[in-house]
Amino acid sequence: MGQSYSDDEDNEVALTQIQELYKKFASECPSGNLHLHEFKKIFGISTQSSPEESAYVDNIFRTFDTNQDNTIDFMEYVAAVHLVLRGKLEDKLRWSFKVYDRDGNGRLDRCEVKHIIKIITKLKSHNKPSGGEEMSTDQICDSIFERVDKNKDGQISLEEFVEGAQQDPWVMGQLKLDVRPSGWFNERNPAKT
């Protein structure tokens with residue numbers, strides 16, 4: 001009583017998906033933990049990668065390692081996969097903010113915003129050829145602060161970040177994390193959303 005057949009069916013599908021994720025995780029990480037060097041390999045980071053790309057993946061790893069033991073266990077892995085594949089926009093923005101907030105003080109300063117713009121620009125340049133006139137890192141940073149820093153204190157709070165990204169498609173495009181690991185987070189049979 002109270003649960004419909006479709007709810008039970010959704011729960012069953014979720015359990016099946018978790019079982020598949022566990023099999024994949026266990027085969028790739030027999031120790032039960034995913035270490036930073038393995039995580040970087042998943043994202044294609046090597047000795048030829050730029051320092052920016054390496055730092056970007058370091059920050060992503062840090063946000064997924066919720067218990068801060070320098071490994072990602074299965075539960076952290078499931079939470080990460082769920083966020084990346086099926087999470088709500090606001091949750092993804094909150095997670096992105098954590099990745100960008102390198103000093104963990106709960107605010108983004110101009111240095112942090114410029115740093116992430118450089119990383120995102122570099123990563124985007126791998127996926128599309130450059131063409132036309134593009135804004136400099138300083139110009140992008142200035143424009144983001146003009147649009148998002150509502151109280152003009154020179155820092156962007158989590159609330160300003162989430163609200164600004166949701167309300168301004170240009171800001172969303174500039175701050176969008178592009179998490180595309182080489183096959184690991186991609187399910188063989190993606191769930192319908």
# chains A, B, ... in the order shown; residues from 1 in each chain; ligands from 1
call {"tool": "residues_around", "arguments": {"residues": "segment 140-149 of chain A", "least_positions_apart": "4", "cutoff": "10 Å", "atoms": "only C-alpha atoms", "output": "NGL selection string"}}
result
:A and (108-117 or 134-136 or 153-157 or 159-165 or 167-168 or 170-172 or 174-175)
call {"tool": "closest_residue", "arguments": {"among": "A:Leu85, A:Leu34, A:Ala80, A:Ile119", "to": "Phe64 of chain A", "atoms": "only C-alpha atoms"}}
result
A:Ala80
call {"tool": "select_by_dssp", "arguments": {"residues": "segment 45-136 of chain A", "states": "alpha helix (DSSP H)", "output": "PyMOL selection string"}}
result
chain A and resi 51-64+74-86+89-100+110-127
